[in-house]
$ cat my_file.txt   # compact mmCIF, C-alpha atoms
# COMPACT_ATOMS: atom_id res chain seq x y z
CA MET A 1 134.48 56.14 146.95
CA GLN A 2 133.63 56.60 150.63
CA PRO A 3 132.20 53.36 152.16
CA ARG A 4 128.98 55.09 153.25
CA ILE A 5 128.44 56.59 149.81
CA LEU A 6 129.07 53.17 148.29
CA ALA A 7 126.50 51.72 150.70
CA PHE A 8 124.00 54.35 149.57
CA ALA A 9 124.62 53.48 145.91
CA SER A 10 124.24 49.78 146.66
CA LEU A 11 120.98 50.43 148.51
CA ALA A 12 119.60 52.33 145.53
CA LEU A 13 120.34 49.35 143.28
CA LEU A 14 118.37 47.09 145.62
CA ALA A 15 115.27 49.26 145.43
CA THR A 16 112.16 47.75 143.85
CA CYS A 17 109.69 49.90 141.95
CA THR A 18 106.09 48.88 142.59
CA SER A 19 102.66 50.48 142.33
CA SER A 20 100.07 51.00 145.02
CA PRO A 21 96.47 49.81 144.45
CA MET A 22 95.78 53.40 143.37
CA ASP A 23 98.50 53.11 140.64
CA ARG A 24 100.96 55.40 142.42
CA ARG A 25 104.61 54.52 141.90
CA GLN A 26 106.41 53.29 145.02
CA VAL A 27 110.04 52.51 145.86
CA VAL A 28 110.54 49.77 148.45
CA PHE A 29 113.63 47.99 149.75
CA TYR A 30 112.18 45.20 151.89
CA SER A 31 110.53 41.89 151.04
CA ASP A 32 106.98 41.03 152.09
CA ALA A 33 108.43 38.29 154.30
CA GLU A 34 110.72 40.73 156.10
CA MET A 35 107.90 43.21 156.65
CA ALA A 36 105.65 40.41 157.96
CA ARG A 37 108.38 39.40 160.43
CA GLN A 38 108.69 42.98 161.61
CA GLY A 39 104.91 43.30 161.89
CA GLU A 40 104.70 40.09 163.91
CA ALA A 41 107.46 41.22 166.29
CA ALA A 42 105.88 44.63 166.86
CA TYR A 43 102.46 43.06 167.41
CA ARG A 44 103.72 40.58 170.00
CA GLN A 45 105.54 43.37 171.82
CA MET A 46 102.36 45.45 171.94
CA GLN A 47 100.39 42.47 173.24
CA ALA A 48 102.97 42.09 176.00
CA GLU A 49 103.04 45.76 176.95
CA ILE A 50 99.45 47.02 176.48
CA PRO A 51 96.56 45.51 178.46
CA ILE A 52 94.25 43.35 176.34
CA SER A 53 90.51 43.72 176.82
CA ASP A 54 88.90 40.92 178.84
CA ASP A 55 85.39 41.94 177.73
CA GLN A 56 84.29 38.96 175.65
CA ARG A 57 81.28 40.75 174.14
CA GLU A 58 83.53 43.60 173.01
CA THR A 59 86.10 41.21 171.59
CA GLN A 60 83.50 39.16 169.73
CA TYR A 61 81.98 42.33 168.27
CA VAL A 62 85.31 43.59 166.91
CA GLN A 63 86.19 40.11 165.61
CA CYS A 64 82.82 39.90 163.86
CA VAL A 65 83.44 43.15 161.97
CA ALA A 66 86.99 42.07 161.15
CA ASN A 67 85.78 38.74 159.77
CA TYR A 68 83.52 40.47 157.24
CA VAL A 69 86.25 42.90 156.21
CA ILE A 70 88.82 40.11 155.76
CA ALA A 71 86.31 37.97 153.84
CA ALA A 72 85.87 40.84 151.36
CA LEU A 73 89.55 40.80 150.40
CA GLU A 74 90.75 39.22 147.19
CA PRO A 75 91.73 35.55 147.76
CA GLU A 76 95.46 36.22 147.47
CA GLN A 77 95.16 39.09 149.96
CA ARG A 78 93.38 36.85 152.46
CA ASP A 79 95.75 33.96 152.03
CA ARG A 80 99.14 35.66 152.04
CA SER A 81 98.72 37.01 155.57
CA GLN A 82 97.96 35.39 158.90
CA TRP A 83 95.10 37.67 159.91
CA GLU A 84 94.72 38.18 163.65
CA VAL A 85 92.75 40.70 165.73
CA THR A 86 93.42 41.99 169.25
CA VAL A 87 91.29 44.44 171.23
CA PHE A 88 93.47 46.52 173.54
CA ASP A 89 92.10 48.03 176.74
CA ASN A 90 93.12 51.61 176.05
CA GLU A 91 91.16 54.85 175.90
CA GLN A 92 92.68 55.96 172.59
CA ALA A 93 90.21 56.23 169.71
CA ASN A 94 92.53 54.38 167.38
CA ALA A 95 93.29 51.17 165.52
CA PHE A 96 96.11 49.83 163.35
CA ALA A 97 97.02 47.02 160.98
CA LEU A 98 100.56 45.71 160.52
CA PRO A 99 102.20 43.76 157.70
CA GLY A 100 101.40 40.09 157.99
CA GLY A 101 97.75 40.76 158.82
CA LYS A 102 97.99 41.84 162.47
CA ILE A 103 95.09 44.13 163.46
CA GLY A 104 94.78 46.03 166.72
CA VAL A 105 91.78 48.00 167.95
CA TYR A 106 91.87 50.20 171.06
CA ASN A 107 88.51 49.92 172.79
CA GLY A 108 88.40 53.70 173.20
CA LEU A 109 87.60 53.75 169.49
CA LEU A 110 84.20 52.21 170.25
CA ASP A 111 83.13 55.48 171.92
CA VAL A 112 83.58 57.27 168.57
CA ALA A 113 82.88 54.53 166.02
CA VAL A 114 79.46 53.89 167.46
CA ASN A 115 78.16 51.14 165.17
CA GLN A 116 79.44 48.25 163.05
CA HIS A 117 79.61 50.37 159.90
CA GLN A 118 81.80 53.03 161.48
CA LEU A 119 84.07 50.44 163.08
CA ALA A 120 84.34 48.74 159.67
CA ALA A 121 85.34 52.10 158.15
CA VAL A 122 88.29 52.39 160.55
CA MET A 123 89.36 48.75 160.23
CA SER A 124 89.08 48.81 156.43
CA HIS A 125 91.18 51.98 156.34
CA GLU A 126 93.90 50.31 158.43
CA VAL A 127 93.80 47.15 156.29
CA GLY A 128 94.11 49.49 153.30
CA HIS A 129 97.53 50.55 154.58
CA VAL A 130 98.62 46.89 154.54
CA LEU A 131 97.21 46.26 151.06
CA ALA A 132 99.04 49.33 149.72
CA ASN A 133 102.37 48.26 151.26
CA HIS A 134 102.62 51.57 153.11
CA SER A 135 104.73 50.24 156.00
CA ASN A 136 107.38 49.03 153.56
CA GLU A 137 107.26 52.36 151.76
CA ARG A 138 107.66 54.32 155.00
CA ALA A 139 110.49 52.09 156.21
CA SER A 140 112.24 52.52 152.86
CA GLN A 141 111.80 56.30 152.99
CA SER A 142 113.26 56.35 156.50
CA THR A 143 116.27 54.36 155.32
CA LEU A 144 116.83 56.73 152.40
CA ARG A 145 116.54 59.75 154.68
CA THR A 146 119.07 58.38 157.18
CA VAL A 147 121.60 57.39 154.52
CA GLY A 148 121.14 60.70 152.70
CA LEU A 149 121.91 62.72 155.82
CA VAL A 150 124.97 60.60 156.56
CA THR A 151 126.15 61.07 152.99
CA ALA A 152 125.76 64.85 153.31
CA GLN A 153 127.86 64.76 156.45
CA VAL A 154 130.55 62.68 154.72
CA LEU A 155 130.64 65.20 151.87
CA GLY A 156 131.35 67.95 154.40
CA ALA A 157 128.03 69.79 154.56
CA SER A 158 127.68 72.26 157.42
CA ASP A 159 125.45 71.58 160.44
CA ALA A 160 123.09 74.32 159.23
CA THR A 161 122.85 72.67 155.81
CA ILE A 162 122.22 69.27 157.39
CA GLU A 163 119.47 70.74 159.57
CA ALA A 164 117.87 72.53 156.61
CA LEU A 165 118.08 69.35 154.53
CA ASP A 166 116.49 67.31 157.31
CA TYR A 167 113.65 69.80 157.82
CA GLY A 168 113.14 70.29 154.09
CA THR A 169 113.02 66.54 153.55
CA GLN A 170 110.30 66.18 156.16
CA LEU A 171 108.17 68.96 154.65
CA GLY A 172 108.85 68.15 151.02
CA LEU A 173 108.70 64.36 151.05
CA PHE A 174 107.76 62.55 154.22
CA LEU A 175 104.76 64.53 155.42
CA PRO A 176 103.18 64.84 151.96
CA PHE A 177 103.81 61.16 151.39
CA SER A 178 102.11 60.35 154.67
CA ARG A 179 99.09 62.40 153.67
CA THR A 180 99.06 60.62 150.31
CA GLN A 181 99.18 57.25 152.05
CA GLU A 182 96.33 58.22 154.37
CA SER A 183 94.23 59.34 151.41
CA GLU A 184 94.98 56.08 149.60
CA ALA A 185 93.98 54.07 152.67
CA ASP A 186 90.73 56.08 152.87
CA ALA A 187 89.95 55.28 149.23
CA ILE A 188 90.85 51.59 149.55
CA GLY A 189 89.02 51.35 152.86
CA VAL A 190 85.70 52.83 151.80
CA LEU A 191 85.50 50.45 148.82
CA LEU A 192 86.54 47.50 150.97
CA MET A 193 83.94 48.17 153.67
CA ALA A 194 81.27 48.48 150.98
CA ARG A 195 82.25 45.12 149.45
CA ALA A 196 82.03 43.66 152.96
CA GLY A 197 78.40 44.80 153.26
CA PHE A 198 78.90 47.87 155.47
CA ASN A 199 77.30 51.21 154.60
CA PRO A 200 80.06 53.45 153.16
CA LYS A 201 78.13 56.62 154.03
CA GLN A 202 78.91 55.86 157.65
CA SER A 203 82.60 56.56 156.93
CA ILE A 204 81.67 60.23 156.58
CA THR A 205 79.58 60.14 159.77
CA LEU A 206 82.61 58.65 161.52
CA TRP A 207 84.73 61.68 160.59
CA GLU A 208 81.96 63.98 161.75
CA ASN A 209 82.16 62.16 165.09
CA MET A 210 85.94 62.50 165.08
CA SER A 211 85.69 66.24 164.40
CA ALA A 212 83.19 66.66 167.23
CA THR A 213 85.67 65.28 169.74
CA GLY A 214 87.54 68.61 169.54
CA GLY A 215 91.22 69.16 170.21
CA SER A 216 93.70 71.31 168.33
CA ARG A 217 95.14 70.20 165.00
CA PRO A 218 98.28 71.39 163.22
CA PRO A 219 97.90 73.03 159.79
CA GLU A 220 97.32 70.39 157.13
CA LEU A 221 100.61 71.35 155.42
CA LEU A 222 102.50 70.27 158.57
CA SER A 223 100.34 67.28 159.36
CA THR A 224 100.83 63.65 158.44
CA HIS A 225 97.06 63.28 158.06
CA PRO A 226 94.58 65.11 155.84
CA SER A 227 92.17 67.35 157.71
CA PRO A 228 88.76 65.83 158.57
CA ALA A 229 87.18 68.22 156.05
CA SER A 230 89.53 67.02 153.30
CA ARG A 231 88.85 63.40 154.17
CA MET A 232 85.09 63.86 154.12
CA SER A 233 85.28 65.69 150.79
CA GLU A 234 87.29 62.87 149.22
CA LEU A 235 85.02 60.19 150.69
CA ASN A 236 82.02 62.03 149.25
CA ARG A 237 83.72 61.93 145.85
CA LEU A 238 84.08 58.15 146.16
CA MET A 239 80.57 57.56 147.44
CA GLY A 240 79.14 56.70 143.99
CA PRO A 241 81.30 53.64 143.31
CA ALA A 242 81.31 52.72 147.01
CA ASP A 243 77.52 52.75 147.24
CA ALA A 244 77.29 50.66 144.06
CA LEU A 245 79.49 48.01 145.72
CA TYR A 246 77.39 48.23 148.88
CA GLN A 247 74.12 47.73 147.00
CA SER A 248 75.66 44.79 145.14
CA ALA A 249 76.73 43.22 148.45
CA LEU A 250 73.23 43.62 149.87
CA ALA A 251 71.68 42.15 146.72
CA SER A 252 73.90 39.10 147.08
CA GLY A 253 72.55 38.52 150.59
CA LEU A 254 75.55 39.92 152.47
CA ASN A 255 74.19 41.67 155.57
CA PRO A 256 76.60 41.94 158.54
CA ASP A 257 74.92 41.83 161.94
CA CYS A 258 77.69 42.53 164.43
CA THR A 259 76.29 43.71 167.76
CA PRO A 260 78.28 45.97 170.10
$ encode --input "my_file.txt" --output "structure tokens"
Amino acid sequence: MQPRILAFASLALLATCTSSPMDRRQVVFYSDAEMARQGEAAYRQMQAEIPISDDQRETQYVQCVANYVIAALEPEQRDRSQWEVTVFDNEQANAFALPGGKIGVYNGLLDVAVNQHQLAAVMSHEVGHVLANHSNERASQSTLRTVGLVTAQVLGASDATIEALDYGTQLGLFLPFSRTQESEADAIGVLLMARAGFNPKQSITLWENMSATGGSRPPELLSTHPSPASRMSELNRLMGPADALYQSALASGLNPDCTP
């Protein structure tokens, strides 16, 4: 057997079958510890390369929202990661969360997420990616894709076949998976923000704000993200259970007061 094909077979044996919080089957190759190390390394590199906001009021505001979101996690989810938040001085309307509990918020997001509820919607969505082990899943998919293409080359496939396989793999697996992951993070996030005491209806208002910013979008079939309309429709579907969690949080005295 060719060494690269043997490596592919060995890799398949090392795969672990898990389930996302939405009960979707996942195949992952890497340990939580390895993903946390990678997340830490990437986070430190970003802190070194991207300016960090020196606006203390802004930083305290983002940290306040993050504290409520993190406090709403299950105890094992809070404890197994070293949660940390950085506000980057960058005009992008974006945020991220990395394995190991590393959260980054670009302060350009604050022009679109205009209150604590909308900021919590974004941060809860990003934390949802971590809870669902999406980075591990994506890294594992990338490894499979690379090894699969190498194997096809070893078996003598033509360049045209390799190109078609690569393009077909992206359309048939990786982009749909990315949309699935985004939808999962939306679902996890809206329930998490509600448990944290933030109004889940503001997650829909956030996407209305995002849509109003304009800009061209690729067709949803070729996009790694669901369209804003699809996201708002799915969030509306989840609003019943999310609002029930929100009302329960308010009844228990949980009332975030994070001021921009």
$ atom_distance --input "my_file.txt" --atom1 "CA of Ala229 (chain A)" --atom2 "CA of Val62 (chain A)"
27.0 Å
$ residues_around --input "my_file.txt" --residues "Ala242 (chain A)" --least-positions-apart "5" --cutoff "10 Å" --atoms "only C-alpha atoms" --output "VMD selection string"
chain A and resid 187 to 195 199 to 201 235 to 237 247 to 248
$ atom_distance --input "my_file.txt" --atom1 "CA of Ala196 (chain A)" --atom2 "CA of Glu234 (chain A)"
20.3 Å
$ atom_distance --input "my_file.txt" --atom1 "CA of Glu91 (chain A)" --atom2 "CA of Glu137 (chain A)"
29.1 Å
$ closest_residue --input "my_file.txt" --among "A:Asn136, A:Ser53, A:Ser178, A:Gln82" --to "Pro226 (chain A)" --atoms "all atoms listed in the file"
A:Ser178
$ axis_aligned_box --input "my_file.txt" --around "region 91-105 of chain A" --padding-each-side "4 Å" --output "lines of an AutoDock Vina configuration file"
center_x = 96.2
center_y = 48.2
center_z = 166.8
size_x = 20.0
size_y = 24.1
size_z = 26.2
$ closest_residue --input "my_file.txt" --among "A:Leu131, A:Pro256, A:Ala48, A:Gln181" --to "Glu74 (chain A)" --atoms "only C-alpha atoms"
A:Leu131
$ residues_around --input "my_file.txt" --residues "region 35-46 of chain A" --least-positions-apart "3" --cutoff "9 Å" --atoms "all atoms listed in the file" --output "count of residues only"
17
$ residues_near_point --input "my_file.txt" --point "(79.0, 44.1, 170.5)" --cutoff "7 Å" --atoms "only C-alpha atoms" --output "VMD selection string"
chain A and resid 57 to 58 60 to 61 258 to 260
$ closest_residue --input "my_file.txt" --among "A:Thr86, A:Gln118, A:Asn133, A:Asn67" --to "Tyr106 (chain A)" --atoms "all atoms listed in the file"
A:Thr86
$ closest_residue --input "my_file.txt" --among "A:Ala66, A:Leu254, A:Ala71, A:Val130" --to "Val105 (chain A)" --atoms "only C-alpha atoms"
A:Ala66
